[in-house]
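**Student:** Got a file for you: my_file-v7.csv, CSV, N, CA and C atoms.
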```csv
chain,number,residue,atom,x,y,z
D,1,MET,N,-46.7,23.3,-25.9
D,1,MET,CA,-46.6,22.6,-27.2
D,1,MET,C,-45.4,21.7,-27.1
D,2,THR,N,-45.6,20.4,-27.5
D,2,THR,CA,-44.6,19.4,-27.4
D,2,THR,C,-43.7,19.5,-28.6
D,3,GLU,N,-42.5,19.0,-28.5
D,3,GLU,CA,-41.6,19.0,-29.7
D,3,GLU,C,-42.2,18.3,-30.9
D,4,ALA,N,-42.9,17.2,-30.7
D,4,ALA,CA,-43.5,16.5,-31.8
D,4,ALA,C,-44.6,17.3,-32.5
D,5,SER,N,-45.3,18.2,-31.8
D,5,SER,CA,-46.3,19.0,-32.4
D,5,SER,C,-45.8,20.3,-33.1
D,6,LYS,N,-44.6,20.7,-32.9
D,6,LYS,CA,-44.0,21.9,-33.5
D,6,LYS,C,-43.8,21.7,-35.0
D,7,LYS,N,-44.0,22.7,-35.7
D,7,LYS,CA,-43.8,22.6,-37.2
D,7,LYS,C,-42.6,23.5,-37.5
D,8,PRO,N,-41.8,23.2,-38.5
D,8,PRO,CA,-40.7,24.0,-38.9
D,8,PRO,C,-41.2,25.3,-39.5
D,9,VAL,N,-40.5,26.3,-39.4
D,9,VAL,CA,-40.8,27.6,-40.0
D,9,VAL,C,-40.2,27.6,-41.4
D,10,LEU,N,-41.1,27.9,-42.4
D,10,LEU,CA,-40.6,27.9,-43.8
D,10,LEU,C,-40.8,29.4,-44.3
D,11,VAL,N,-39.7,30.0,-44.6
D,11,VAL,CA,-39.7,31.4,-45.1
D,11,VAL,C,-38.8,31.5,-46.4
D,12,PRO,N,-39.1,32.4,-47.2
D,12,PRO,CA,-38.3,32.6,-48.4
D,12,PRO,C,-36.9,33.1,-48.0
D,13,VAL,N,-35.9,33.0,-48.8
D,13,VAL,CA,-34.6,33.4,-48.6
D,13,VAL,C,-34.3,34.6,-49.5
D,14,VAL,N,-33.6,35.6,-49.1
D,14,VAL,CA,-33.3,36.8,-49.9
D,14,VAL,C,-31.8,37.0,-50.0
D,15,ALA,N,-31.4,37.4,-51.2
D,15,ALA,CA,-30.0,37.7,-51.5
D,15,ALA,C,-29.9,39.1,-52.1
D,16,GLY,N,-28.9,39.8,-51.7
D,16,GLY,CA,-28.7,41.2,-52.2
D,16,GLY,C,-27.2,41.5,-52.3
D,17,VAL,N,-27.0,42.7,-52.9
D,17,VAL,CA,-25.6,43.1,-53.1
D,17,VAL,C,-25.4,44.5,-52.6
D,18,ILE,N,-24.2,44.8,-52.2
D,18,ILE,CA,-23.7,46.1,-51.8
D,18,ILE,C,-22.8,46.6,-52.9
D,19,LEU,N,-23.3,47.6,-53.6
D,19,LEU,CA,-22.5,48.2,-54.7
D,19,LEU,C,-22.0,49.6,-54.2
D,20,GLN,N,-20.7,49.8,-54.3
D,20,GLN,CA,-20.1,51.0,-53.8
D,20,GLN,C,-19.2,51.7,-54.9
D,21,LYS,N,-19.4,53.0,-55.0
D,21,LYS,CA,-18.6,53.7,-56.1
D,21,LYS,C,-18.3,55.1,-55.5
D,22,ALA,N,-17.1,55.5,-55.5
D,22,ALA,CA,-16.7,56.9,-55.1
D,22,ALA,C,-17.2,57.2,-53.7
D,23,GLY,N,-17.2,56.2,-52.8
D,23,GLY,CA,-17.6,56.4,-51.4
D,23,GLY,C,-19.1,56.5,-51.2
D,24,LYS,N,-19.9,56.1,-52.2
D,24,LYS,CA,-21.3,56.1,-52.1
D,24,LYS,C,-21.9,54.7,-52.4
D,25,PHE,N,-23.0,54.4,-51.9
D,25,PHE,CA,-23.7,53.1,-52.0
D,25,PHE,C,-24.9,53.2,-52.8
D,26,LEU,N,-25.2,52.2,-53.7
D,26,LEU,CA,-26.4,52.2,-54.5
D,26,LEU,C,-27.5,51.6,-53.8
D,27,LEU,N,-28.6,52.3,-53.7
D,27,LEU,CA,-29.9,51.8,-53.2
D,27,LEU,C,-31.0,52.0,-54.3
D,28,VAL,N,-32.0,51.1,-54.2
D,28,VAL,CA,-33.1,51.2,-55.1
D,28,VAL,C,-34.4,51.4,-54.2
D,29,GLN,N,-35.3,52.2,-54.8
D,29,GLN,CA,-36.5,52.5,-54.1
D,29,GLN,C,-37.6,51.5,-54.6
D,30,GLU,N,-38.2,50.8,-53.7
D,30,GLU,CA,-39.2,49.8,-53.9
D,30,GLU,C,-40.5,50.3,-54.5
D,31,LYS,N,-41.1,49.5,-55.4
D,31,LYS,CA,-42.4,49.9,-55.9
D,31,LYS,C,-43.5,48.9,-55.5
D,32,GLN,N,-43.1,47.7,-55.0
D,32,GLN,CA,-44.1,46.8,-54.6
D,32,GLN,C,-44.9,47.3,-53.4
D,33,PRO,N,-46.2,47.0,-53.3
D,33,PRO,CA,-47.1,47.6,-52.3
D,33,PRO,C,-46.6,47.5,-50.8
D,34,GLN,N,-46.1,46.4,-50.4
D,34,GLN,CA,-45.7,46.2,-49.0
D,34,GLN,C,-44.5,47.1,-48.6
D,35,ALA,N,-43.7,47.6,-49.6
D,35,ALA,CA,-42.5,48.4,-49.3
D,35,ALA,C,-42.4,49.6,-50.2
D,36,TYR,N,-43.6,50.1,-50.6
D,36,TYR,CA,-43.6,51.2,-51.6
D,36,TYR,C,-42.9,52.4,-51.1
D,37,GLY,N,-41.9,52.9,-51.9
D,37,GLY,CA,-41.2,54.1,-51.6
D,37,GLY,C,-40.0,53.9,-50.6
D,38,LEU,N,-39.8,52.7,-50.1
D,38,LEU,CA,-38.7,52.5,-49.2
D,38,LEU,C,-37.5,52.1,-50.0
D,39,TRP,N,-36.3,52.5,-49.4
D,39,TRP,CA,-35.0,52.2,-50.1
D,39,TRP,C,-34.5,50.9,-49.6
D,40,ASN,N,-33.8,50.2,-50.5
D,40,ASN,CA,-33.3,48.9,-50.2
D,40,ASN,C,-32.0,48.6,-51.0
D,41,LEU,N,-31.3,47.6,-50.6
D,41,LEU,CA,-30.2,47.2,-51.5
D,41,LEU,C,-30.8,46.5,-52.7
D,42,PRO,N,-30.1,46.4,-53.8
D,42,PRO,CA,-30.6,45.6,-54.9
D,42,PRO,C,-30.7,44.1,-54.4
D,43,ALA,N,-31.9,43.6,-54.3
D,43,ALA,CA,-32.1,42.2,-53.7
D,43,ALA,C,-33.4,41.6,-54.1
D,44,GLY,N,-33.5,40.3,-53.9
D,44,GLY,CA,-34.7,39.6,-54.2
D,44,GLY,C,-34.7,38.2,-53.6
D,45,LYS,N,-35.9,37.6,-53.7
D,45,LYS,CA,-36.0,36.2,-53.2
D,45,LYS,C,-35.3,35.2,-54.1
D,46,VAL,N,-34.8,34.2,-53.4
D,46,VAL,CA,-34.1,33.1,-54.1
D,46,VAL,C,-35.2,32.2,-54.7
D,47,ASP,N,-35.2,31.9,-56.0
D,47,ASP,CA,-36.1,31.0,-56.7
D,47,ASP,C,-35.6,29.6,-56.5
D,48,GLU,N,-36.5,28.7,-56.5
D,48,GLU,CA,-36.2,27.2,-56.4
D,48,GLU,C,-35.3,26.9,-57.6
D,49,GLY,N,-34.2,26.2,-57.3
D,49,GLY,CA,-33.2,25.8,-58.3
D,49,GLY,C,-32.1,26.8,-58.5
D,50,ASP,N,-32.2,28.0,-58.0
D,50,ASP,CA,-31.1,29.0,-58.0
D,50,ASP,C,-30.3,29.0,-56.7
D,51,THR,N,-29.0,29.3,-56.8
D,51,THR,CA,-28.2,29.4,-55.6
D,51,THR,C,-28.4,30.8,-55.1
D,52,ILE,N,-28.0,31.0,-53.8
D,52,ILE,CA,-28.0,32.3,-53.2
D,52,ILE,C,-27.2,33.3,-54.0
D,53,GLU,N,-26.0,32.8,-54.4
D,53,GLU,CA,-25.1,33.7,-55.2
D,53,GLU,C,-25.7,34.0,-56.6
D,54,GLU,N,-26.2,33.1,-57.3
D,54,GLU,CA,-26.9,33.4,-58.6
D,54,GLU,C,-28.0,34.4,-58.4
D,55,THR,N,-28.7,34.3,-57.3
D,55,THR,CA,-29.8,35.2,-57.1
D,55,THR,C,-29.3,36.6,-56.9
D,56,ALA,N,-28.2,36.8,-56.1
D,56,ALA,CA,-27.7,38.1,-55.8
D,56,ALA,C,-27.2,38.8,-57.1
D,57,ILE,N,-26.5,38.0,-58.0
D,57,ILE,CA,-26.1,38.5,-59.3
D,57,ILE,C,-27.2,38.9,-60.2
D,58,LYS,N,-28.2,38.0,-60.2
D,58,LYS,CA,-29.4,38.2,-61.1
D,58,LYS,C,-30.2,39.4,-60.6
D,59,GLU,N,-30.4,39.6,-59.3
D,59,GLU,CA,-31.2,40.7,-58.8
D,59,GLU,C,-30.5,42.0,-59.0
D,60,ALA,N,-29.2,42.0,-58.9
D,60,ALA,CA,-28.4,43.2,-59.1
D,60,ALA,C,-28.6,43.7,-60.6
D,61,PHE,N,-28.6,42.7,-61.5
D,61,PHE,CA,-28.8,43.1,-62.9
D,61,PHE,C,-30.2,43.6,-63.2
D,62,GLU,N,-31.2,42.8,-62.7
D,62,GLU,CA,-32.6,43.1,-62.9
D,62,GLU,C,-33.0,44.5,-62.3
D,63,GLU,N,-32.4,44.8,-61.2
D,63,GLU,CA,-32.9,46.0,-60.5
D,63,GLU,C,-32.0,47.3,-60.8
D,64,THR,N,-30.8,47.0,-61.4
D,64,THR,CA,-29.9,48.2,-61.6
D,64,THR,C,-29.3,48.3,-63.0
D,65,GLY,N,-29.4,47.2,-63.8
D,65,GLY,CA,-28.8,47.2,-65.1
D,65,GLY,C,-27.3,46.9,-65.1
D,66,TYR,N,-26.7,46.6,-63.9
D,66,TYR,CA,-25.3,46.3,-63.8
D,66,TYR,C,-25.0,44.8,-63.7
D,67,HIS,N,-24.0,44.4,-64.5
D,67,HIS,CA,-23.5,43.1,-64.4
D,67,HIS,C,-22.4,43.1,-63.3
D,68,VAL,N,-22.5,42.2,-62.3
D,68,VAL,CA,-21.6,42.3,-61.1
D,68,VAL,C,-20.9,41.0,-60.9
D,69,GLU,N,-19.8,41.1,-60.2
D,69,GLU,CA,-19.2,39.9,-59.6
D,69,GLU,C,-19.2,40.0,-58.1
D,70,LEU,N,-19.5,38.9,-57.5
D,70,LEU,CA,-19.5,38.9,-56.0
D,70,LEU,C,-18.1,38.9,-55.5
D,71,ILE,N,-17.8,39.6,-54.5
D,71,ILE,CA,-16.5,39.7,-53.9
D,71,ILE,C,-16.5,38.9,-52.5
D,72,LYS,N,-17.4,39.3,-51.7
D,72,LYS,CA,-17.3,38.7,-50.3
D,72,LYS,C,-18.8,38.5,-49.8
D,73,LYS,N,-19.0,37.4,-49.1
D,73,LYS,CA,-20.3,37.3,-48.4
D,73,LYS,C,-20.1,37.9,-47.1
D,74,MET,N,-21.0,38.8,-46.7
D,74,MET,CA,-21.0,39.5,-45.4
D,74,MET,C,-21.4,38.5,-44.4
D,75,ARG,N,-22.7,38.5,-44.1
D,75,ARG,CA,-23.3,37.5,-43.2
D,75,ARG,C,-24.8,37.4,-43.5
D,76,VAL,N,-25.4,36.6,-42.7
D,76,VAL,CA,-26.9,36.4,-42.9
D,76,VAL,C,-27.6,37.3,-41.8
D,77,TYR,N,-28.5,38.1,-42.3
D,77,TYR,CA,-29.3,39.0,-41.4
D,77,TYR,C,-30.7,38.4,-41.2
D,78,GLN,N,-31.1,38.2,-40.0
D,78,GLN,CA,-32.4,37.7,-39.7
D,78,GLN,C,-32.7,38.0,-38.2
D,79,SER,N,-33.8,38.7,-38.0
D,79,SER,CA,-34.2,39.1,-36.7
D,79,SER,C,-35.1,38.1,-35.9
D,80,THR,N,-36.0,37.5,-36.7
D,80,THR,CA,-36.9,36.5,-36.1
D,80,THR,C,-37.0,35.3,-37.0
D,81,ALA,N,-37.4,34.2,-36.5
D,81,ALA,CA,-37.5,32.9,-37.2
D,81,ALA,C,-38.5,33.0,-38.4
D,82,THR,N,-39.4,33.9,-38.3
D,82,THR,CA,-40.4,34.0,-39.4
D,82,THR,C,-40.0,35.1,-40.5
D,83,GLU,N,-39.0,35.8,-40.2
D,83,GLU,CA,-38.5,36.8,-41.2
D,83,GLU,C,-37.5,36.1,-42.2
D,84,PRO,N,-37.6,36.4,-43.5
D,84,PRO,CA,-36.7,35.8,-44.4
D,84,PRO,C,-35.2,36.1,-44.1
D,85,PRO,N,-34.4,35.1,-44.1
D,85,PRO,CA,-32.9,35.4,-43.9
D,85,PRO,C,-32.4,36.1,-45.1
D,86,LYS,N,-31.6,37.2,-44.9
D,86,LYS,CA,-31.1,38.0,-46.0
D,86,LYS,C,-29.6,37.8,-46.1
D,87,HIS,N,-29.1,37.3,-47.2
D,87,HIS,CA,-27.7,37.1,-47.5
D,87,HIS,C,-27.2,38.3,-48.2
D,88,ALA,N,-26.1,39.0,-47.7
D,88,ALA,CA,-25.6,40.2,-48.3
D,88,ALA,C,-24.2,39.9,-48.8
D,89,PHE,N,-23.9,40.4,-50.0
D,89,PHE,CA,-22.6,40.2,-50.6
D,89,PHE,C,-22.1,41.6,-51.1
D,90,THR,N,-20.8,41.8,-50.9
D,90,THR,CA,-20.2,43.0,-51.6
D,90,THR,C,-19.9,42.5,-53.0
D,91,ALA,N,-20.0,43.5,-53.9
D,91,ALA,CA,-19.9,43.2,-55.3
D,91,ALA,C,-19.2,44.3,-56.1
D,92,ASN,N,-18.5,44.0,-57.2
D,92,ASN,CA,-18.0,44.9,-58.1
D,92,ASN,C,-18.8,45.0,-59.3
D,93,ILE,N,-18.9,46.2,-59.9
D,93,ILE,CA,-19.6,46.4,-61.2
D,93,ILE,C,-18.7,46.0,-62.3
D,94,LEU,N,-19.1,45.1,-63.2
D,94,LEU,CA,-18.2,44.6,-64.3
D,94,LEU,C,-18.6,45.5,-65.5
D,95,SER,N,-19.9,45.7,-65.8
D,95,SER,CA,-20.3,46.4,-67.0
D,95,SER,C,-21.8,46.8,-66.8
D,96,GLY,N,-22.3,47.5,-67.8
D,96,GLY,CA,-23.7,48.0,-67.7
D,96,GLY,C,-23.8,49.4,-67.3
D,97,SER,N,-25.0,49.9,-67.3
D,97,SER,CA,-25.3,51.3,-66.9
D,97,SER,C,-26.6,51.2,-66.1
D,98,LEU,N,-26.7,52.2,-65.2
D,98,LEU,CA,-27.8,52.2,-64.3
D,98,LEU,C,-29.1,52.4,-65.0
D,99,THR,N,-29.9,51.3,-65.0
D,99,THR,CA,-31.2,51.2,-65.7
D,99,THR,C,-32.1,50.5,-64.7
D,100,ILE,N,-33.3,51.1,-64.4
D,100,ILE,CA,-34.2,50.5,-63.5
D,100,ILE,C,-35.5,50.0,-64.2
D,101,PRO,N,-36.0,48.9,-63.8
D,101,PRO,CA,-37.2,48.4,-64.3
D,101,PRO,C,-38.4,49.1,-63.8
D,102,GLU,N,-39.2,49.8,-64.6
D,102,GLU,CA,-40.3,50.7,-64.1
D,102,GLU,C,-41.4,49.9,-63.4
D,103,ASP,N,-41.5,48.6,-63.7
D,103,ASP,CA,-42.5,47.8,-63.1
D,103,ASP,C,-42.2,47.3,-61.7
D,104,GLU,N,-40.9,47.5,-61.3
D,104,GLU,CA,-40.5,47.0,-60.0
D,104,GLU,C,-39.8,48.0,-59.1
D,105,ILE,N,-39.2,49.0,-59.7
D,105,ILE,CA,-38.4,50.0,-58.9
D,105,ILE,C,-38.8,51.4,-59.3
D,106,LEU,N,-39.0,52.2,-58.3
D,106,LEU,CA,-39.4,53.6,-58.5
D,106,LEU,C,-38.2,54.5,-58.9
D,107,ASP,N,-37.0,54.3,-58.2
D,107,ASP,CA,-35.9,55.1,-58.4
D,107,ASP,C,-34.6,54.4,-57.9
D,108,ALA,N,-33.5,54.9,-58.2
D,108,ALA,CA,-32.2,54.3,-57.7
D,108,ALA,C,-31.3,55.5,-57.5
D,109,GLY,N,-30.4,55.4,-56.6
D,109,GLY,CA,-29.4,56.5,-56.4
D,109,GLY,C,-28.3,56.1,-55.5
D,110,TRP,N,-27.2,56.9,-55.7
D,110,TRP,CA,-26.0,56.6,-54.9
D,110,TRP,C,-26.0,57.5,-53.7
D,111,PHE,N,-25.8,57.0,-52.5
D,111,PHE,CA,-25.8,57.7,-51.3
D,111,PHE,C,-24.6,57.4,-50.4
D,112,SER,N,-24.2,58.5,-49.7
D,112,SER,CA,-23.1,58.3,-48.7
D,112,SER,C,-23.6,57.6,-47.5
D,113,LEU,N,-22.7,57.1,-46.7
D,113,LEU,CA,-23.1,56.4,-45.4
D,113,LEU,C,-23.9,57.4,-44.6
D,114,GLU,N,-23.5,58.6,-44.5
D,114,GLU,CA,-24.2,59.6,-43.7
D,114,GLU,C,-25.6,59.9,-44.2
D,115,GLU,N,-25.7,59.9,-45.5
D,115,GLU,CA,-27.1,60.1,-46.1
D,115,GLU,C,-28.0,58.9,-45.7
D,116,ILE,N,-27.4,57.7,-45.8
D,116,ILE,CA,-28.2,56.5,-45.5
D,116,ILE,C,-28.6,56.5,-44.0
D,117,GLU,N,-27.7,56.9,-43.2
D,117,GLU,CA,-28.0,56.9,-41.7
D,117,GLU,C,-29.1,57.9,-41.4
D,118,ALA,N,-29.2,59.0,-42.2
D,118,ALA,CA,-30.3,60.0,-42.0
D,118,ALA,C,-31.6,59.5,-42.6
D,119,MET,N,-31.7,58.4,-43.4
D,119,MET,CA,-32.9,57.9,-44.0
D,119,MET,C,-33.4,56.7,-43.3
D,120,THR,N,-33.1,56.5,-42.0
D,120,THR,CA,-33.5,55.2,-41.4
D,120,THR,C,-35.0,54.9,-41.5
D,121,ASN,N,-35.8,56.0,-41.4
D,121,ASN,CA,-37.3,55.7,-41.5
D,121,ASN,C,-37.7,55.5,-42.9
D,122,LYS,N,-36.8,55.7,-43.9
D,122,LYS,CA,-37.1,55.5,-45.3
D,122,LYS,C,-36.5,54.2,-45.9
D,123,LEU,N,-35.9,53.4,-45.0
D,123,LEU,CA,-35.2,52.2,-45.5
D,123,LEU,C,-36.2,51.0,-45.3
D,124,ARG,N,-36.1,50.1,-46.2
D,124,ARG,CA,-37.0,48.9,-46.2
D,124,ARG,C,-36.9,48.2,-44.8
D,125,CYS,N,-35.7,48.0,-44.3
D,125,CYS,CA,-35.5,47.4,-43.0
D,125,CYS,C,-34.1,47.7,-42.5
D,126,SER,N,-33.8,47.4,-41.3
D,126,SER,CA,-32.6,47.8,-40.7
D,126,SER,C,-31.4,47.1,-41.3
D,127,TRP,N,-31.6,46.0,-42.0
D,127,TRP,CA,-30.4,45.3,-42.6
D,127,TRP,C,-29.7,46.2,-43.6
D,128,VAL,N,-30.4,47.1,-44.3
D,128,VAL,CA,-29.8,47.9,-45.3
D,128,VAL,C,-28.6,48.7,-44.7
D,129,LEU,N,-28.9,49.4,-43.6
D,129,LEU,CA,-27.9,50.2,-42.9
D,129,LEU,C,-26.9,49.3,-42.2
D,130,ASP,N,-27.3,48.2,-41.6
D,130,ASP,CA,-26.4,47.3,-40.9
D,130,ASP,C,-25.3,46.8,-41.8
D,131,VAL,N,-25.7,46.3,-43.0
D,131,VAL,CA,-24.8,45.6,-43.9
D,131,VAL,C,-23.8,46.7,-44.5
D,132,ILE,N,-24.4,47.9,-44.8
D,132,ILE,CA,-23.5,48.9,-45.3
D,132,ILE,C,-22.4,49.3,-44.3
D,133,LYS,N,-22.8,49.5,-43.0
D,133,LYS,CA,-21.9,49.8,-42.0
D,133,LYS,C,-20.8,48.8,-41.8
D,134,GLU,N,-21.2,47.5,-42.0
D,134,GLU,CA,-20.2,46.4,-41.8
D,134,GLU,C,-19.4,46.1,-43.0
D,135,SER,N,-19.7,46.7,-44.2
D,135,SER,CA,-19.0,46.4,-45.4
D,135,SER,C,-17.7,47.2,-45.4
D,136,PRO,N,-16.7,46.7,-46.1
D,136,PRO,CA,-15.4,47.4,-46.3
D,136,PRO,C,-15.7,48.8,-47.0
D,137,GLN,N,-15.1,49.8,-46.5
D,137,GLN,CA,-15.3,51.2,-47.1
D,137,GLN,C,-14.0,51.8,-47.6
```
Just give me the structure of the file as structure tokens.
**Tutor:**
Amino acid sequence: MTEASKKPVLVPVVAGVILQKAGKFLLVQEKQPQAYGLWNLPAGKVDEGDTIEETAIKEAFEETGYHVELIKKMRVYQSTATEPPKHAFTANILSGSLTIPEDEILDAGWFSLEEIEAMTNKLRCSWVLDVIKESPQ
């Protein structure tokens, strides 16, 4: 295939947050069919017109009920060109209480790093564990 015949890869962008409290990390259990029952960071796709940061804050609230402030951008996680790039931020909880939307999330819970390491086959993808391990603890 020549350079002129190659097409750019267009994929959605994902933004998520790492919320930590008392040495535990908040994960949400997915309800959507392609990831049903798997645990993930509170995260979602960036909508046209929104920034990556706005999306991270919005998804945290929509999936957990917490109003958050972003502290630090970790890095972008992407294994292949066709996989959505995932932007991860550490965040602090400003207000709110843990409330999950029943149409989108099955459950939410606080887990230690050791508990998350033991759930590798129950995580949506490897970025969940990778970003948690790399976050300040």
**Student:** How far is it from atom C of Leu98 (chain D) to atom N of Leu70 (chain D), in Å with one decimal?
**Tutor:**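 Pair atom C of Leu98 (chain D) / atom N of Leu70 (chain D) returns 18.2 Å.
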**Student:** Which one is closest to Ala15 (chain D): D:Gly49, D:Pro85, D:Pro33, D:Pro101? Count all atoms listed in the file.
**Tutor:** D:Pro85
**Student:** As number ranges by chain, please: the residues near region 113-122 of chain D (cut-off 8 Å, all atoms listed in the file, same-chain neighbours under 4 positions excluded).
**Tutor:** D: 23-25, 37-40, 126, 128-129, 132-133
**Student:** Of the residues D:Lys58, D:Lys86, D:His67, D:Arg75, which is the one nearest to Ser135 (chain D), using only C-alpha atoms?
**Tutor:**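 Answer, going by the shortest atom-to-atom distance: D:Arg75.
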**Student:** Write out as a ChimeraX atom specification which residues come within 10 Å of Asp103 (chain D) when counting only C-alpha atoms, dropping same-chain ones fewer than 4 positions away.
**Tutor:** /D:30-32
**Student:** Keeping only N, CA and C atoms, write those residues as a JSON list (two decimals), in the frame of the given file.
**Tutor:**
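Listed below is the output, result.json:
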```
[["chain", "number", "residue", "atom", "x", "y", "z"],
["D", 30, "GLU", "N", -38.20, 50.80, -53.70],
["D", 30, "GLU", "CA", -39.20, 49.80, -53.90],
["D", 30, "GLU", "C", -40.50, 50.30, -54.50],
["D", 31, "LYS", "N", -41.10, 49.50, -55.40],
["D", 31, "LYS", "CA", -42.40, 49.90, -55.90],
["D", 31, "LYS", "C", -43.50, 48.90, -55.50],
["D", 32, "GLN", "N", -43.10, 47.70, -55.00],
["D", 32, "GLN", "CA", -44.10, 46.80, -54.60],
["D", 32, "GLN", "C", -44.90, 47.30, -53.40]]
```
**Student:** Among region 16-82 of chain D, which residues carry a DSSP assignment of strand (DSSP E or B), reported as a VMD selection string?
**Tutor:** chain D and resid 16 to 21 24 to 30 39 to 40 43 to 45 66 to 77
**Student:** Can you pull out every residue within 6 Å of Lys72 (chain D), counting only N, CA and C atoms, but drop anything in the same chain fewer than 3 positions away, and send it as a list in words?
**Tutor:**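 With the cut-off at 6 Å, the set is Ala88, Phe89, Thr90 and Ala91 of chain D.
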**Student:** Per DSSP on the backbone, what are the alpha helix (DSSP H) residues of region 18-100 of chain D, as an MDAnalysis selection string?
**Tutor:** chainID D and resid 52:64
**Student:** Using only N, CA and C atoms, which of D:Pro84, D:Leu123, D:Met74, D:Trp110 sits nearest Val13 (chain D)?
**Tutor:**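 Looking only at the distances to Val13 (chain D), the closest residue turns out to be D:Pro84.
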**Student:** Expressed in Å to a single decimal, how great is the separation between atom N of Tyr66 (chain D) and CA of Thr99 (chain D)?
**Tutor:** 6.7 Å
**Student:** Find, counting only C-alpha atoms, the residue in D:Cys125, D:Ala60, D:Ala108, D:Ile71 that gets nearest to Ser95 (chain D).
**Tutor:** D:Ala60
**Student:** By how many Å are atom N of Thr51 (chain D) and atom C of Val14 (chain D) apart?
**Tutor:**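 Computed distance, atom N of Thr51 (chain D) to atom C of Val14 (chain D), equals 10.6 Å.
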**Student:** Using only N, CA and C atoms, which residue out of D:Ile93, D:Ile105, D:Leu27, D:Val17 lies closest to Thr55 (chain D)?
**Tutor:**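 Closest to Thr55 (chain D), using only N, CA and C atoms: D:Val17.
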